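One structure below.
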Amino acid sequence: MNYPIRKNLGFLNVLDFGADPTGATDSSDAFLDAYTYAVNSDHGLGIHNADKISRITIAVPTGKFLINKPGSLMKSGVGDKQVGANFRGTPNSVIIWDGPDDTYLMENDRHVGMVVENLIFESANPASHFMRSDSTTTVVGLMRFNGCRWRGNWARGFHMFGGNLNSDNIWESCRISGTFTEAFLDVPAATGSDQEIIHDFYSCSIWMGQNSTFARMGKGGDISIRSGSLIALSDGVLFFDLIGNAHGQGSTNLLIDSVHVELKRADSRMINCDWETGNILFHNIDESANTSAVVNGITHRYAIDAAGPTIKYDNCRLAGDHEYRFGSGSHAYDRRIVYESCEFLHHVEPREAITTSVVGGVDLGSLAPIDIDLCSGKKTLANSIFETSGTLNWSVSSQSPMKRRAVAVNTPQGMLPALGGTTTVKLPLGALIIGVIWKSGAGSMTSTNTSWAMSLETGELIPTVLDTLSPGTPLADGYEKRVQLCFIADSDDKRTITVTSDANKNESSPSEICIVEYYG
């Protein structure tokens, strides 16, 4: 049959093939006929079979289209065009997929460069899938989905496997909702490969229902989520399940950047990671919304047998707890785990949110050093602690690189206390205090009083005096002193460090400093 190509612009309308826009009857044959026609000949557009290119777009108008037969939108083994096979709908074009168990609406075993726009895919069978993307015999991928929606109950969204390239896929301004009991993006370890890589999501709303997984990567990876949202709508949600430690180089990368997150349930998790190489970066994510249920929940979990990926959290607001489990031989590897400028929403101080352990409970040297730089506990808690930068596990981690750090002990007015006043700072638990510097420039104060003193003490019931400054010279002349120490702040009282002035110190100046140097 000679179907019309609308206005010679390369568009086919599924209505011309007999599709029913009311959803009352099955439109499977109409969609498959349109797809088969689009990918099997040149249709007078000057596109030759040898070019392996189809520039025809299948138009799906406003309406509801019921599909019952597997592969109706894209059929395995059909078509001689490798590049193309495009679909375009409207904001109200709905495809209702009600196929048999363990079958797929789309079966891609030969196409690259596919574009799908403005279609709503709704599943009526929770045991069926959206797409099978099979690179067993040839390269596939380069799929782009713009303004599409997935809703209803599914087993899988995209099931990717095969040993050839199955990569460079983009989802932009899409809404992914409903349940996915296997995963929306699923690359199985048994049949997938590390060629299933580069999956980019831009400004997408990813809302997972009960017991759903967003991405389960038994192989492959290199996922990025930029802007948009990740929301757990119900119990048992896991967004990123990064399985297995035997992956090829270049496949184990995850970037989550500027994303709104809602972990609404106590058993909702952001990540479960077994990867041994690559990079994981959470940047500028906010998990603060609707998180009252995850106060005692582990939301980010890593199991690192050897080197592990480089892990960094940068400028994030983080809910729940983070867990790291290390293999007993991992001390032989250089590991990098960093938290920088983060707020931990359910804890008074950052290190309370991070738990570490070694498999078997021995070889504590395998605990990796974890850098916590310029982070804080929940800022709305009255007793929240802004923790001076420190390194978790530094004192037991085998061959741990050491950072020499320092903190200034000042009053809220930016100076040292006077007239019997005090000011306090908390160091990281277990810090090794190695020195104190006192300094004030000559002429910064006017007092000629010479009988003044200041002390630096711990917060113990009977304080340990770390140093006393009493030079016997006028405050107006300034002062300078440096002392070396070796004091381990291994309790909360010992890491609470206070500068106290006596009653005779009758003046302060912003030029005064007291700096405590430490490792930890």
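Following the order of the structure tokens, chains are lettered A, B, ..., residues in each are numbered from 1, and ligands are numbered from 1.
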
Polymer residues at most 8 Å from region 12-20 of chain A, only C-alpha atoms, same-chain spacing of 4 or more positions, as a ChimeraX atom specification: /A:3-6,24-28,30-31,33-34,38,56-61,64-66

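Using only C-alpha atoms, the protein and nucleic acid residues lying no more than 9 Å from Met445 (chain A), apart from those fewer than 5 places from it along its own chain, are A:Ser440, A:Leu475, A:Ala476, A:Asp477, A:Gly478, A:Glu507, A:Ser508, A:Ser509, A:Ser511.
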
Spatial neighbours of region 203-210 of chain A, 9 Å, only C-alpha atoms, chain gap at least 5 places, as a ChimeraX atom specification: /A:147,153,171-181,225-239,259

With N, CA, C and O atoms retained, write the just-selected residues as an mmCIF file, in the first residue's frame.
data_model
loop_
_atom_site.group_PDB
_atom_site.id
_atom_site.type_symbol
_atom_site.label_atom_id
_atom_site.label_comp_id
_atom_site.auth_asym_id
_atom_site.auth_seq_id
_atom_site.Cartn_x
_atom_site.Cartn_y
_atom_site.Cartn_z
ATOM 1 N N GLY A 147 11.136 15.423 26.250
ATOM 2 C CA GLY A 147 9.781 15.731 26.686
ATOM 3 C C GLY A 147 8.869 14.538 26.796
ATOM 4 O O GLY A 147 7.649 14.676 26.669
ATOM 5 N N ASN A 153 2.917 1.025 36.036
ATOM 6 C CA ASN A 153 3.733 0.007 36.699
ATOM 7 C C ASN A 153 4.472 -0.835 35.670
ATOM 8 O O ASN A 153 3.860 -1.464 34.803
ATOM 9 N N TRP A 171 18.241 11.662 27.874
ATOM 10 C CA TRP A 171 16.871 11.954 28.247
ATOM 11 C C TRP A 171 16.835 13.418 28.684
ATOM 12 O O TRP A 171 17.575 13.811 29.585
ATOM 13 N N GLU A 172 15.994 14.217 28.056
ATOM 14 C CA GLU A 172 15.950 15.647 28.355
ATOM 15 C C GLU A 172 14.512 16.092 28.618
ATOM 16 O O GLU A 172 13.605 15.800 27.848
ATOM 17 N N SER A 173 14.335 16.773 29.750
ATOM 18 C CA SER A 173 13.012 17.296 30.140
ATOM 19 C C SER A 173 11.954 16.201 30.139
ATOM 20 O O SER A 173 10.827 16.402 29.682
ATOM 21 N N CYS A 174 12.319 15.032 30.660
ATOM 22 C CA CYS A 174 11.392 13.901 30.739
ATOM 23 C C CYS A 174 10.906 13.730 32.176
ATOM 24 O O CYS A 174 11.555 14.165 33.122
ATOM 25 N N ARG A 175 9.754 13.083 32.314
ATOM 26 C CA ARG A 175 9.256 12.699 33.631
ATOM 27 C C ARG A 175 9.181 11.183 33.694
ATOM 28 O O ARG A 175 8.474 10.556 32.899
ATOM 29 N N ILE A 176 9.907 10.613 34.630
ATOM 30 C CA ILE A 176 9.967 9.163 34.805
ATOM 31 C C ILE A 176 9.330 8.849 36.139
ATOM 32 O O ILE A 176 9.890 9.147 37.200
ATOM 33 N N SER A 177 8.120 8.292 36.120
ATOM 34 C CA SER A 177 7.378 8.057 37.352
ATOM 35 C C SER A 177 6.766 6.668 37.326
ATOM 36 O O SER A 177 6.872 5.941 36.338
ATOM 37 N N GLY A 178 6.120 6.293 38.419
ATOM 38 C CA GLY A 178 5.546 4.967 38.518
ATOM 39 C C GLY A 178 6.498 4.019 39.208
ATOM 40 O O GLY A 178 7.449 4.417 39.890
ATOM 41 N N THR A 179 6.258 2.714 39.037
ATOM 42 C CA THR A 179 7.109 1.701 39.654
ATOM 43 C C THR A 179 7.906 0.959 38.591
ATOM 44 O O THR A 179 7.418 0.706 37.492
ATOM 45 N N PHE A 180 9.132 0.605 38.960
ATOM 46 C CA PHE A 180 10.030 -0.190 38.118
ATOM 47 C C PHE A 180 10.648 -1.236 39.037
ATOM 48 O O PHE A 180 11.655 -0.983 39.699
ATOM 49 N N THR A 181 10.037 -2.409 39.085
ATOM 50 C CA THR A 181 10.436 -3.412 40.070
ATOM 51 C C THR A 181 11.805 -4.016 39.772
ATOM 52 O O THR A 181 12.472 -4.514 40.685
ATOM 53 N N ILE A 225 23.264 12.922 35.992
ATOM 54 C CA ILE A 225 21.956 13.536 36.236
ATOM 55 C C ILE A 225 22.236 15.006 36.509
ATOM 56 O O ILE A 225 22.879 15.348 37.513
ATOM 57 N N ARG A 226 21.773 15.870 35.645
ATOM 58 C CA ARG A 226 22.013 17.306 35.802
ATOM 59 C C ARG A 226 20.681 18.033 35.940
ATOM 60 O O ARG A 226 19.824 17.933 35.070
ATOM 61 N N SER A 227 20.528 18.756 37.055
ATOM 62 C CA SER A 227 19.295 19.461 37.428
ATOM 63 C C SER A 227 18.139 18.472 37.503
ATOM 64 O O SER A 227 18.331 17.258 37.449
ATOM 65 N N GLY A 228 16.927 18.965 37.670
ATOM 66 C CA GLY A 228 15.789 18.075 37.812
ATOM 67 C C GLY A 228 15.643 17.585 39.245
ATOM 68 O O GLY A 228 16.115 18.209 40.207
ATOM 69 N N SER A 229 15.002 16.421 39.415
ATOM 70 C CA SER A 229 14.697 15.920 40.752
ATOM 71 C C SER A 229 14.785 14.408 40.806
ATOM 72 O O SER A 229 14.580 13.713 39.809
ATOM 73 N N LEU A 230 15.089 13.916 42.000
ATOM 74 C CA LEU A 230 15.064 12.497 42.341
ATOM 75 C C LEU A 230 14.179 12.365 43.575
ATOM 76 O O LEU A 230 14.563 12.814 44.662
ATOM 77 N N ILE A 231 13.010 11.759 43.425
ATOM 78 C CA ILE A 231 12.036 11.719 44.511
ATOM 79 C C ILE A 231 11.578 10.287 44.756
ATOM 80 O O ILE A 231 11.153 9.597 43.816
ATOM 81 N N ALA A 232 11.687 9.843 46.000
ATOM 82 C CA ALA A 232 11.176 8.534 46.404
ATOM 83 C C ALA A 232 9.739 8.719 46.875
ATOM 84 O O ALA A 232 9.491 9.287 47.935
ATOM 85 N N LEU A 233 8.802 8.223 46.072
ATOM 86 C CA LEU A 233 7.392 8.429 46.382
ATOM 87 C C LEU A 233 6.865 7.419 47.392
ATOM 88 O O LEU A 233 5.806 7.639 47.986
ATOM 89 N N SER A 234 7.564 6.320 47.585
ATOM 90 C CA SER A 234 7.057 5.271 48.465
ATOM 91 C C SER A 234 8.221 4.481 49.049
ATOM 92 O O SER A 234 9.382 4.871 48.933
ATOM 93 N N ASP A 235 7.891 3.340 49.684
ATOM 94 C CA ASP A 235 8.895 2.541 50.373
ATOM 95 C C ASP A 235 9.809 1.811 49.402
ATOM 96 O O ASP A 235 9.443 1.499 48.271
ATOM 97 N N GLY A 236 11.018 1.495 49.876
ATOM 98 C CA GLY A 236 11.905 0.583 49.164
ATOM 99 C C GLY A 236 12.555 1.119 47.920
ATOM 100 O O GLY A 236 12.997 0.343 47.072
ATOM 101 N N VAL A 237 12.679 2.420 47.786
ATOM 102 C CA VAL A 237 13.275 3.013 46.578
ATOM 103 C C VAL A 237 14.797 3.026 46.697
ATOM 104 O O VAL A 237 15.359 3.375 47.739
ATOM 105 N N LEU A 238 15.459 2.633 45.625
ATOM 106 C CA LEU A 238 16.915 2.745 45.504
ATOM 107 C C LEU A 238 17.201 3.406 44.158
ATOM 108 O O LEU A 238 16.818 2.878 43.118
ATOM 109 N N PHE A 239 17.851 4.545 44.173
ATOM 110 C CA PHE A 239 18.078 5.255 42.913
ATOM 111 C C PHE A 239 19.230 4.647 42.115
ATOM 112 O O PHE A 239 19.099 4.412 40.919
ATOM 113 N N VAL A 259 20.690 18.761 41.814
ATOM 114 C CA VAL A 259 19.450 17.994 41.772
ATOM 115 C C VAL A 259 18.706 18.140 43.096
ATOM 116 O O VAL A 259 19.299 18.088 44.175
#

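Using only C-alpha atoms, the residues found no farther than 7 Å from Leu142 (chain A), other than those of its own chain fewer than 5 positions away, are Val112, Gly113, Met114, Ser167, Asp168 and Asn169 of chain A.
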
Spatial neighbours of Gly320 (chain A), 12 Å, only C-alpha atoms, chain gap at least 2 places, as a PDB file with C-alpha atoms, in the first residue's frame:
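And here's result.pdb as it stands now:
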ATOM      1  CA  GLU A 262      13.364  13.787  48.423  1.00  0.00           C
ATOM      2  CA  LEU A 263      14.081  10.596  50.371  1.00  0.00           C
ATOM      3  CA  LYS A 264      10.668  10.372  51.984  1.00  0.00           C
ATOM      4  CA  ARG A 265      10.871   6.904  53.517  1.00  0.00           C
ATOM      5  CA  ALA A 266      13.134   5.352  56.147  1.00  0.00           C
ATOM      6  CA  ASP A 267      14.268   2.662  53.702  1.00  0.00           C
ATOM      7  CA  SER A 268      14.843   4.985  50.749  1.00  0.00           C
ATOM      8  CA  ARG A 269      18.427   5.052  49.525  1.00  0.00           C
ATOM      9  CA  MET A 270      20.326   7.184  47.084  1.00  0.00           C
ATOM     10  CA  GLU A 287      18.211  16.155  50.270  1.00  0.00           C
ATOM     11  CA  SER A 288      16.489  18.367  52.857  1.00  0.00           C
ATOM     12  CA  ASN A 290      10.518  15.649  53.396  1.00  0.00           C
ATOM     13  CA  THR A 291      13.300  13.739  55.142  1.00  0.00           C
ATOM     14  CA  SER A 292      11.920  13.307  58.667  1.00  0.00           C
ATOM     15  CA  ALA A 293      11.566   9.545  58.089  1.00  0.00           C
ATOM     16  CA  VAL A 294      15.242   8.954  57.294  1.00  0.00           C
ATOM     17  CA  VAL A 295      16.795  10.274  60.508  1.00  0.00           C
ATOM     18  CA  ASN A 296      18.211   6.845  61.341  1.00  0.00           C
ATOM     19  CA  GLY A 297      18.448   5.454  57.828  1.00  0.00           C
ATOM     20  CA  ILE A 298      21.507   4.611  55.724  1.00  0.00           C
ATOM     21  CA  THR A 299      20.973   6.557  52.506  1.00  0.00           C
ATOM     22  CA  HIS A 300      24.409   6.212  50.861  1.00  0.00           C
ATOM     23  CA  ARG A 301      26.239   2.865  51.083  1.00  0.00           C
ATOM     24  CA  ARG A 317      22.782  19.029  52.068  1.00  0.00           C
ATOM     25  CA  LEU A 318      22.735  15.368  53.047  1.00  0.00           C
ATOM     26  CA  HIS A 322      26.594   7.231  54.987  1.00  0.00           C
ATOM     27  CA  GLU A 323      28.163   3.788  55.371  1.00  0.00           C
ATOM     28  CA  GLU A 343      25.596  20.074  55.768  1.00  0.00           C
ATOM     29  CA  PHE A 344      24.490  16.849  57.463  1.00  0.00           C
ATOM     30  CA  LEU A 345      20.807  17.304  58.139  1.00  0.00           C
ATOM     31  CA  HIS A 346      20.179  14.733  60.865  1.00  0.00           C
ATOM     32  CA  HIS A 347      23.282  15.037  63.006  1.00  0.00           C
ATOM     33  CA  PRO A 350      29.349  15.652  60.395  1.00  0.00           C
ATOM     34  CA  GLU A 352      28.289  11.258  63.369  1.00  0.00           C
ATOM     35  CA  ALA A 353      26.708  10.685  59.949  1.00  0.00           C
ATOM     36  CA  ILE A 354      29.592   8.586  58.571  1.00  0.00           C
ATOM     37  CA  THR A 355      30.164   5.013  59.724  1.00  0.00           C
ATOM     38  CA  GLY A 377      25.790  19.462  61.350  1.00  0.00           C
ATOM     39  CA  LYS A 378      22.241  20.576  60.790  1.00  0.00           C
TER      40      LYS A 378
END

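Atom pair CA of Cys375 (chain A) / CA of Glu460 (chain A): separated by 25.0 Å.
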
Contact residues around region 154-166 of chain A with only C-alpha atoms at 8 Å, ignoring same-chain residues under 4 positions, as number ranges by chain: A: 102, 123, 125-142, 178-188, 191-197

Filtering to N, CA and C atoms, could you give me those residues as a short mmCIF file (atom, residue, chain, number, x, y, z; two decimals), in the first residue's frame?
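As a result, result-v2.cif now contains:
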data_model
loop_
_atom_site.label_atom_id
_atom_site.label_comp_id
_atom_site.auth_asym_id
_atom_site.auth_seq_id
_atom_site.Cartn_x
_atom_site.Cartn_y
_atom_site.Cartn_z
N ASP A 102 6.86 -10.05 30.54
CA ASP A 102 8.25 -10.16 30.09
C ASP A 102 8.41 -9.90 28.59
N SER A 123 2.15 2.01 31.27
CA SER A 123 2.11 0.56 31.34
C SER A 123 0.89 0.09 32.13
N ASN A 125 0.61 -3.37 32.51
CA ASN A 125 1.04 -4.69 33.00
C ASN A 125 2.36 -4.53 33.73
N PRO A 126 2.38 -4.71 35.05
CA PRO A 126 3.61 -4.49 35.83
C PRO A 126 4.70 -5.51 35.56
N ALA A 127 4.43 -6.54 34.76
CA ALA A 127 5.45 -7.54 34.45
C ALA A 127 6.04 -7.34 33.06
N SER A 128 5.71 -6.25 32.39
CA SER A 128 6.24 -5.99 31.05
C SER A 128 7.26 -4.86 31.10
N HIS A 129 7.92 -4.64 29.94
CA HIS A 129 9.03 -3.69 29.88
C HIS A 129 8.80 -2.67 28.75
N PHE A 130 9.59 -1.60 28.80
CA PHE A 130 9.49 -0.58 27.75
C PHE A 130 10.35 -0.93 26.54
N MET A 131 11.67 -1.02 26.72
CA MET A 131 12.56 -1.24 25.58
C MET A 131 13.64 -2.26 25.89
N ARG A 132 13.91 -3.09 24.88
CA ARG A 132 15.08 -3.96 24.87
C ARG A 132 16.07 -3.39 23.87
N SER A 133 17.24 -2.99 24.36
CA SER A 133 18.27 -2.42 23.49
C SER A 133 19.43 -3.41 23.44
N ASP A 134 19.54 -4.14 22.31
CA ASP A 134 20.41 -5.30 22.18
C ASP A 134 21.53 -5.02 21.19
N SER A 135 22.77 -4.98 21.70
CA SER A 135 23.92 -4.71 20.83
C SER A 135 24.72 -5.97 20.55
N THR A 136 24.06 -7.12 20.58
CA THR A 136 24.77 -8.38 20.38
C THR A 136 25.39 -8.48 18.99
N THR A 137 24.66 -8.04 17.96
CA THR A 137 25.13 -8.20 16.58
C THR A 137 25.64 -6.92 15.95
N THR A 138 25.28 -5.76 16.50
CA THR A 138 25.72 -4.50 15.89
C THR A 138 25.66 -3.39 16.93
N VAL A 139 26.23 -2.25 16.58
CA VAL A 139 26.19 -1.07 17.44
C VAL A 139 24.77 -0.51 17.48
N VAL A 140 24.30 -0.16 18.68
CA VAL A 140 23.02 0.53 18.84
C VAL A 140 23.25 1.70 19.80
N GLY A 141 22.19 2.46 20.05
CA GLY A 141 22.31 3.58 20.98
C GLY A 141 22.10 4.91 20.32
N LEU A 142 22.76 5.94 20.85
CA LEU A 142 22.54 7.31 20.41
C LEU A 142 21.05 7.65 20.41
N GLY A 178 6.12 6.29 38.42
CA GLY A 178 5.55 4.97 38.52
C GLY A 178 6.50 4.02 39.21
N THR A 179 6.26 2.71 39.04
CA THR A 179 7.11 1.70 39.65
C THR A 179 7.91 0.96 38.59
N PHE A 180 9.13 0.60 38.96
CA PHE A 180 10.03 -0.19 38.12
C PHE A 180 10.65 -1.24 39.04
N THR A 181 10.04 -2.41 39.08
CA THR A 181 10.44 -3.41 40.07
C THR A 181 11.81 -4.02 39.77
N GLU A 182 12.22 -4.02 38.51
CA GLU A 182 13.60 -4.37 38.18
C GLU A 182 14.44 -3.09 38.19
N ALA A 183 14.28 -2.25 37.20
CA ALA A 183 14.94 -0.94 37.17
C ALA A 183 14.48 -0.19 35.93
N PHE A 184 14.49 1.13 36.01
CA PHE A 184 14.22 1.91 34.80
C PHE A 184 15.35 1.72 33.80
N LEU A 185 16.59 1.81 34.27
CA LEU A 185 17.77 1.59 33.43
C LEU A 185 18.49 0.37 33.99
N ASP A 186 18.47 -0.73 33.23
CA ASP A 186 18.94 -2.01 33.75
C ASP A 186 19.96 -2.62 32.80
N VAL A 187 21.19 -2.79 33.28
CA VAL A 187 22.24 -3.48 32.53
C VAL A 187 22.68 -4.69 33.36
N PRO A 188 22.23 -5.89 33.01
CA PRO A 188 22.53 -7.07 33.83
C PRO A 188 23.99 -7.49 33.71
N THR A 191 24.48 -10.64 30.98
CA THR A 191 24.38 -10.44 29.52
C THR A 191 24.81 -9.06 29.07
N GLY A 192 25.02 -8.14 29.99
CA GLY A 192 25.46 -6.81 29.61
C GLY A 192 26.97 -6.74 29.47
N SER A 193 27.45 -5.55 29.13
CA SER A 193 28.89 -5.34 29.03
C SER A 193 29.19 -3.90 29.41
N ASP A 194 30.48 -3.60 29.51
CA ASP A 194 30.87 -2.24 29.83
C ASP A 194 30.84 -1.33 28.61
N GLN A 195 30.19 -1.79 27.52
CA GLN A 195 29.90 -0.93 26.37
C GLN A 195 28.57 -0.19 26.56
N GLU A 196 27.80 -0.59 27.58
CA GLU A 196 26.53 0.10 27.87
C GLU A 196 26.83 1.31 28.75
N ILE A 197 27.29 2.38 28.12
CA ILE A 197 27.79 3.53 28.89
C ILE A 197 27.22 4.84 28.33
#
